[in-house]
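What follows is a single structure, written as structure tokens, with notes after it.
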Number of protein chains: 2
Amino acid sequence: MTNIAIIGLGLMGASFAKKLTRLNYNVYGIDVSQQTIGKAKELKIIVDGSTNPLDVISKCDTFIFCLYPTKILPWIEVYQNDIPKHSLLMDISGVKTNIVKPIQDVLREDLELLSIHPMCGRESRGIEFSDETIFKGSNFILVPTQKNKNETVEAVKELANKMEFGRICTLSIEEHDKMIGFLSQLTHVIAVSLMNTHDNAHLVEYTGDSFRDLTRIAKINEDLWTELFIMNKDILLDEINQFIDSISHFRDSLEQEDTQEMKRLFIQSTKRRDKFNKTDAKKR
Amino acid sequence: MTNIAIIGLGLMGASFAKKLTRLNYNVYGIDVSQQTIGKAKELKIIVDGSTNPLDVISKCDTFIFCLYPTKILPWIEVYQNDIPKHSLLMDISGVKTNIVKPIQDVLREDLELLSIHPMCGRESRGIEFSDETIFKGSNFILVPTQKNKNETVEAVKELANKMEFGRICTLSIEEHDKMIGFLSQLTHVIAVSLMNTHDNAHLVEYTGDSFRDLTRIAKINEDLWTELFIMNKDILLDEINQFIDSISHFRDSLEQEDTQEMKRLFIQSTKRRDKFNKTDAKKR
């Protein structure tokens with residue numbers, strides 16, 4: 001990894017470009033917007049860039065895809081013949097099942113795809129909001145398959161270390177998508193559904209921290225998240241249904257004034273949440 | 001208001017005692033625990049206190065009830081005959097419908113109950129966690145009825161000002177309980193139900209900020225919140241049902257891959273959440 005192409009200079013792609021440039025890699029940028037390429041050059045976070053991938057591809061040995069999930073496979077199908085031999089490809093998508101296998105199925109034999117998930121998104125979008133500090137201390141998940149070489153996995157772990165990620169770990173595709181389905185996607189569905197429960201603008205003035213904390217992620221990039229949810233549909237539907245069962249059970253306990261069961265549920269949630277707290281403490 | 005009795009020196013009561021002592025009021029403490037009275041004296045946040053209300057009542061003109069909601073009415077029924085004439089009583093309960101009217105129905109004619117809700121709880125309980133800074137910048141809601149004198153309402157607003165509360169406002173009992181049902185109680189039901197969806201301890205290491213923010217309030221005092229929920233049962237059940245409708249609709253849209261509707265829901269939640277953000281900014 002010396003000459004790294006970033007495909008898609010949105011919030012994440014441009015943040016990668018900033019950080020990797022700071023780490024003295026030669027970073028090249030590819031984006032559909034000429035304005036974004038101009039901005040990236042102005043910010044000096046790429047050595048060169050173009051809206052035409054063919055201007056850049058041949059100079060690079062590593063390709064990081066920071067595109068919308070559905071755009072990655074078509075891009076690879078069109079341009080992979082121009083990618084230098086034995087290059088490394090990485091995608092940063094939030095779901096993996098419907099990304100990794102379809103790409104590996106069509107990928108040129110000498111190219112290697114190692115899927116990664118840097119867990120450090122932001123609510124905003126676009127190069128203007130890029131920020132090289134978002135990686136620091138965040139989780140970095142590698143999602144290798146049998147097609148990946150050990151030395152590649154080790155090299156990418158080293159890169160993540162240099163980028164100052166916090167916990168760096170490895171998950172299978174299935175483990176990754178189940179984890180994301182619960183911890184990230186279900187929580188977003190909940191926040192969005194809470195804001196959509198009814199019009200609540202008249203309550204703004206009375207809002208305390210708990211409601212704000214719970215709904216912060218209801219501000220969402222509708223195009224990206226619709227893609228991510230549909231790509232992880234079966235797992236996410238299962239998680240939503242389990243959650244609806246859980247809250248329906250609470251509702252029934254309240255309806256029947258079953259105070260003993262309500263207390264049991266409170267105690268269980270408190271106990272479970274406590275475990276997550278230790279990590280809170282460690283992180284701070 | 002010169003000599004103020006705090007009934008119940010838990011987290012909230014003891015925080016009141018600290019702050020009011022700091023503001024040079026004479027604060028008296030009443031608590032069922034002799035140890036708590038001792039601790040309050042040691043902290044010098046009361047001039048005197050006792051486990052026997054009769055030792056203290058006659059010295060006071062203002063009574064702030066920081067008891068569990070179901071304990072207030074029985075306390076008043078037993079001790080109100082010993083309360084000095086024309087005293088002011090305040091309760092700080094998180095719900096009002098089933099607190100205010102039952103008390104006013106039995107209250108001695110010359111006594112006045114003005115119900116208040118200082119919106120600044122904490123997850124912990126007990127005098128050891130009391131903290132006089134919790135009031136600063138928080139919302140303070142007065143819930144007066146026709147039985148309250150204007151001058152009393154004004155005097156209590158002035159007190160809230162001195163205590164450095166942020167927004168000080170007035171709501172009817174019904175408005176208050178609907179607002180609390182949605183903003184506070186429903187959010188707690190959601191956080192608790194999310195933690196209870198399934199065992200999730202193995203996911204601790206992958207947890208990001210969004211899940212932590214959403215579940216922080218799943219750590220809950222089971223005795224207090226069971227009382228509060230049951231006292232506001234009808235309103236809360238209605239809110240839970242509306243939320244279940246909202247998330248079920250989202251689930252159905254995902255199941256049918258109705259991307260147009262999913263995007264509409266994301267855009268609506270983003271727009272609604274934006275309004276809450278302005279207050280974020282103001283507060284910080």
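Ligands are numbered from 1 in the order shown, residues from 1 within each chain, and chains are lettered A, B, ... in the order they appear in the structure tokens.
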
Write out as an NGL selection string the set of residues from segment 123-190 of chain A that DSSP, computed on the backbone, places in strand (DSSP E or B). :A and (140-143 or 168-170)

Identify, on the basis of only C-alpha atoms, every residue whose closest approach to Asp234 of chain B does not exceed 12 Å; exclude the query and any residue fewer than 2 positions from it along the same chain; express the result as a list of chain:residue names.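 My list of contacting residues is A:Arg251, A:Leu254, A:Glu255, A:Gln256, A:Glu257, B:Thr97, B:Asn98, B:Glu174, B:Asp177, B:Lys178, B:Gly181, B:Leu228, B:Phe229, B:Ile230, B:Met231, B:Asn232, B:Leu236, B:Leu237, B:Asp238, B:Glu239, B:Ile240, B:Asn241.
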
Counting only C-alpha atoms, closest pick from B:Gly94, B:Thr145, B:Thr62, B:Lys157 relative to Ser184 of chain B is B:Gly94

Selection: 8 Å around Tyr68 of chain A, only C-alpha atoms, excl. self and same-chain fewer than 3 positions, as a count of residues only: 5

Please identify all polymer residues within 12 Å of Gln146 of chain A, counting only C-alpha atoms, omitting same-chain residues fewer than 6 positions from it, and present them as number ranges by chain. A: 100-101, 104, 112-114, 153, 172-173

Secondary structure check, alpha helix (DSSP H) residues of segment 31-155 of chain A, as a PyMOL selection string: chain A and resi 34-42+69-79+97-106+150-155

Write the residues you've just listed into a file as a short mmCIF file (atom, residue, chain, number, x, y, z; two decimals), in the first residue's frame, and include N, CA and C atoms for each of them.
```cif
data_model
loop_
_atom_site.label_atom_id
_atom_site.label_comp_id
_atom_site.auth_asym_id
_atom_site.auth_seq_id
_atom_site.Cartn_x
_atom_site.Cartn_y
_atom_site.Cartn_z
N GLN A 34 -17.07 16.99 -10.28
CA GLN A 34 -15.84 17.74 -10.54
C GLN A 34 -15.58 18.73 -9.41
N GLN A 35 -16.66 19.27 -8.89
CA GLN A 35 -16.55 20.24 -7.79
C GLN A 35 -15.90 19.60 -6.56
N THR A 36 -16.30 18.36 -6.29
CA THR A 36 -15.74 17.64 -5.14
C THR A 36 -14.25 17.36 -5.36
N ILE A 37 -13.88 16.96 -6.57
CA ILE A 37 -12.46 16.75 -6.88
C ILE A 37 -11.68 18.05 -6.66
N GLY A 38 -12.27 19.16 -7.15
CA GLY A 38 -11.63 20.48 -6.97
C GLY A 38 -11.43 20.81 -5.50
N LYS A 39 -12.47 20.55 -4.73
CA LYS A 39 -12.41 20.83 -3.30
C LYS A 39 -11.33 19.97 -2.62
N ALA A 40 -11.23 18.71 -3.03
CA ALA A 40 -10.24 17.81 -2.44
C ALA A 40 -8.82 18.28 -2.77
N LYS A 41 -8.64 18.76 -3.98
CA LYS A 41 -7.31 19.29 -4.36
C LYS A 41 -6.99 20.54 -3.55
N GLU A 42 -7.99 21.40 -3.43
CA GLU A 42 -7.85 22.66 -2.67
C GLU A 42 -7.45 22.35 -1.22
N PRO A 69 -23.55 1.60 -1.17
CA PRO A 69 -23.37 0.15 -1.32
C PRO A 69 -23.76 -0.40 -2.69
N THR A 70 -24.87 0.04 -3.24
CA THR A 70 -25.32 -0.53 -4.52
C THR A 70 -24.45 -0.09 -5.70
N LYS A 71 -23.57 0.90 -5.49
CA LYS A 71 -22.76 1.42 -6.59
C LYS A 71 -21.43 0.69 -6.76
N ILE A 72 -21.06 -0.12 -5.76
CA ILE A 72 -19.70 -0.69 -5.77
C ILE A 72 -19.55 -1.77 -6.84
N LEU A 73 -20.47 -2.75 -6.85
CA LEU A 73 -20.38 -3.84 -7.81
C LEU A 73 -20.38 -3.35 -9.26
N PRO A 74 -21.33 -2.47 -9.65
CA PRO A 74 -21.30 -1.97 -11.03
C PRO A 74 -19.98 -1.27 -11.38
N TRP A 75 -19.41 -0.52 -10.43
CA TRP A 75 -18.15 0.18 -10.66
C TRP A 75 -17.05 -0.84 -10.96
N ILE A 76 -16.99 -1.87 -10.15
CA ILE A 76 -15.95 -2.88 -10.32
C ILE A 76 -16.11 -3.60 -11.66
N GLU A 77 -17.35 -3.90 -12.01
CA GLU A 77 -17.59 -4.59 -13.28
C GLU A 77 -17.08 -3.77 -14.48
N VAL A 78 -17.27 -2.46 -14.39
CA VAL A 78 -16.86 -1.60 -15.51
C VAL A 78 -15.33 -1.40 -15.55
N TYR A 79 -14.72 -1.18 -14.39
CA TYR A 79 -13.33 -0.71 -14.39
C TYR A 79 -12.27 -1.73 -13.98
N THR A 97 -23.23 -9.02 3.78
CA THR A 97 -23.72 -10.22 3.10
C THR A 97 -23.91 -9.99 1.61
N ASN A 98 -24.62 -8.94 1.26
CA ASN A 98 -24.95 -8.71 -0.13
C ASN A 98 -23.94 -7.81 -0.86
N ILE A 99 -22.79 -7.63 -0.25
CA ILE A 99 -21.72 -6.85 -0.87
C ILE A 99 -20.57 -7.77 -1.26
N VAL A 100 -20.08 -8.51 -0.30
CA VAL A 100 -18.82 -9.24 -0.47
C VAL A 100 -18.93 -10.37 -1.49
N LYS A 101 -19.94 -11.23 -1.32
CA LYS A 101 -20.02 -12.39 -2.21
C LYS A 101 -20.25 -11.97 -3.67
N PRO A 102 -21.22 -11.10 -3.96
CA PRO A 102 -21.41 -10.69 -5.36
C PRO A 102 -20.14 -10.11 -5.98
N ILE A 103 -19.35 -9.36 -5.21
CA ILE A 103 -18.11 -8.81 -5.77
C ILE A 103 -17.10 -9.93 -6.00
N GLN A 104 -16.93 -10.78 -4.98
CA GLN A 104 -15.94 -11.86 -5.15
C GLN A 104 -16.30 -12.78 -6.31
N ASP A 105 -17.59 -12.91 -6.58
CA ASP A 105 -18.02 -13.76 -7.69
C ASP A 105 -17.56 -13.26 -9.07
N VAL A 106 -17.43 -11.93 -9.18
CA VAL A 106 -17.06 -11.39 -10.50
C VAL A 106 -15.61 -10.90 -10.57
N ASN A 150 -3.64 -14.13 4.71
CA ASN A 150 -3.33 -13.69 6.06
C ASN A 150 -2.51 -12.42 6.08
N GLU A 151 -1.54 -12.35 5.16
CA GLU A 151 -0.67 -11.18 5.17
C GLU A 151 -1.44 -9.91 4.83
N THR A 152 -2.50 -10.04 4.00
CA THR A 152 -3.32 -8.87 3.70
C THR A 152 -4.08 -8.42 4.95
N VAL A 153 -4.66 -9.40 5.64
CA VAL A 153 -5.39 -9.08 6.87
C VAL A 153 -4.47 -8.36 7.85
N GLU A 154 -3.24 -8.87 8.00
CA GLU A 154 -2.29 -8.24 8.93
C GLU A 154 -1.92 -6.84 8.49
N ALA A 155 -1.73 -6.66 7.18
CA ALA A 155 -1.36 -5.33 6.67
C ALA A 155 -2.47 -4.31 6.90
#
```

Report as a ChimeraX atom specification all protein, DNA and RNA residues lying within 10 Å of Lys59 of chain B, evaluated on only C-alpha atoms, omitting residues in the same chain fewer than 5 positions from it. /B:2-5,26,28,54,83-84

Those same residues - N, CA and C atoms - I'd like them written as a CSV table (one decimal), in the first residue's frame.
```csv
chain,number,residue,atom,x,y,z
B,2,THR,N,-39.4,30.5,54.5
B,2,THR,CA,-38.2,30.8,55.2
B,2,THR,C,-37.6,29.5,55.8
B,3,ASN,N,-38.5,28.7,56.4
B,3,ASN,CA,-38.2,27.5,57.0
B,3,ASN,C,-38.8,26.3,56.1
B,4,ILE,N,-38.0,25.6,55.4
B,4,ILE,CA,-38.5,24.7,54.5
B,4,ILE,C,-38.2,23.2,54.9
B,5,ALA,N,-39.2,22.4,55.0
B,5,ALA,CA,-39.1,21.0,55.3
B,5,ALA,C,-39.0,20.2,54.0
B,26,ASN,N,-33.6,28.1,55.8
B,26,ASN,CA,-33.4,27.1,56.9
B,26,ASN,C,-34.1,25.9,56.5
B,28,TYR,N,-35.1,21.9,57.0
B,28,TYR,CA,-35.3,20.8,57.9
B,28,TYR,C,-35.5,19.5,57.1
B,54,LEU,N,-43.2,14.9,63.5
B,54,LEU,CA,-43.7,15.8,64.5
B,54,LEU,C,-42.6,16.6,65.2
B,83,ILE,N,-49.4,20.6,60.7
B,83,ILE,CA,-48.7,21.6,59.8
B,83,ILE,C,-49.2,23.0,60.2
B,84,PRO,N,-48.3,23.9,60.3
B,84,PRO,CA,-48.7,25.3,60.7
B,84,PRO,C,-49.7,25.9,59.7
```

Hey, can you check how far atom CA of Lys147 of chain B sits from atom CA of Lys85 of chain B?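 Straight-line distance from atom CA of Lys147 of chain B to atom CA of Lys85 of chain B works out to 16.3 Å.
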
Spatial neighbours of Ser246 of chain B, 7 Å, only C-alpha atoms, chain gap at least 2 places, as a VMD selection string: (chain A and resid 193 196 to 197) or (chain B and resid 242 to 244 248 to 250)
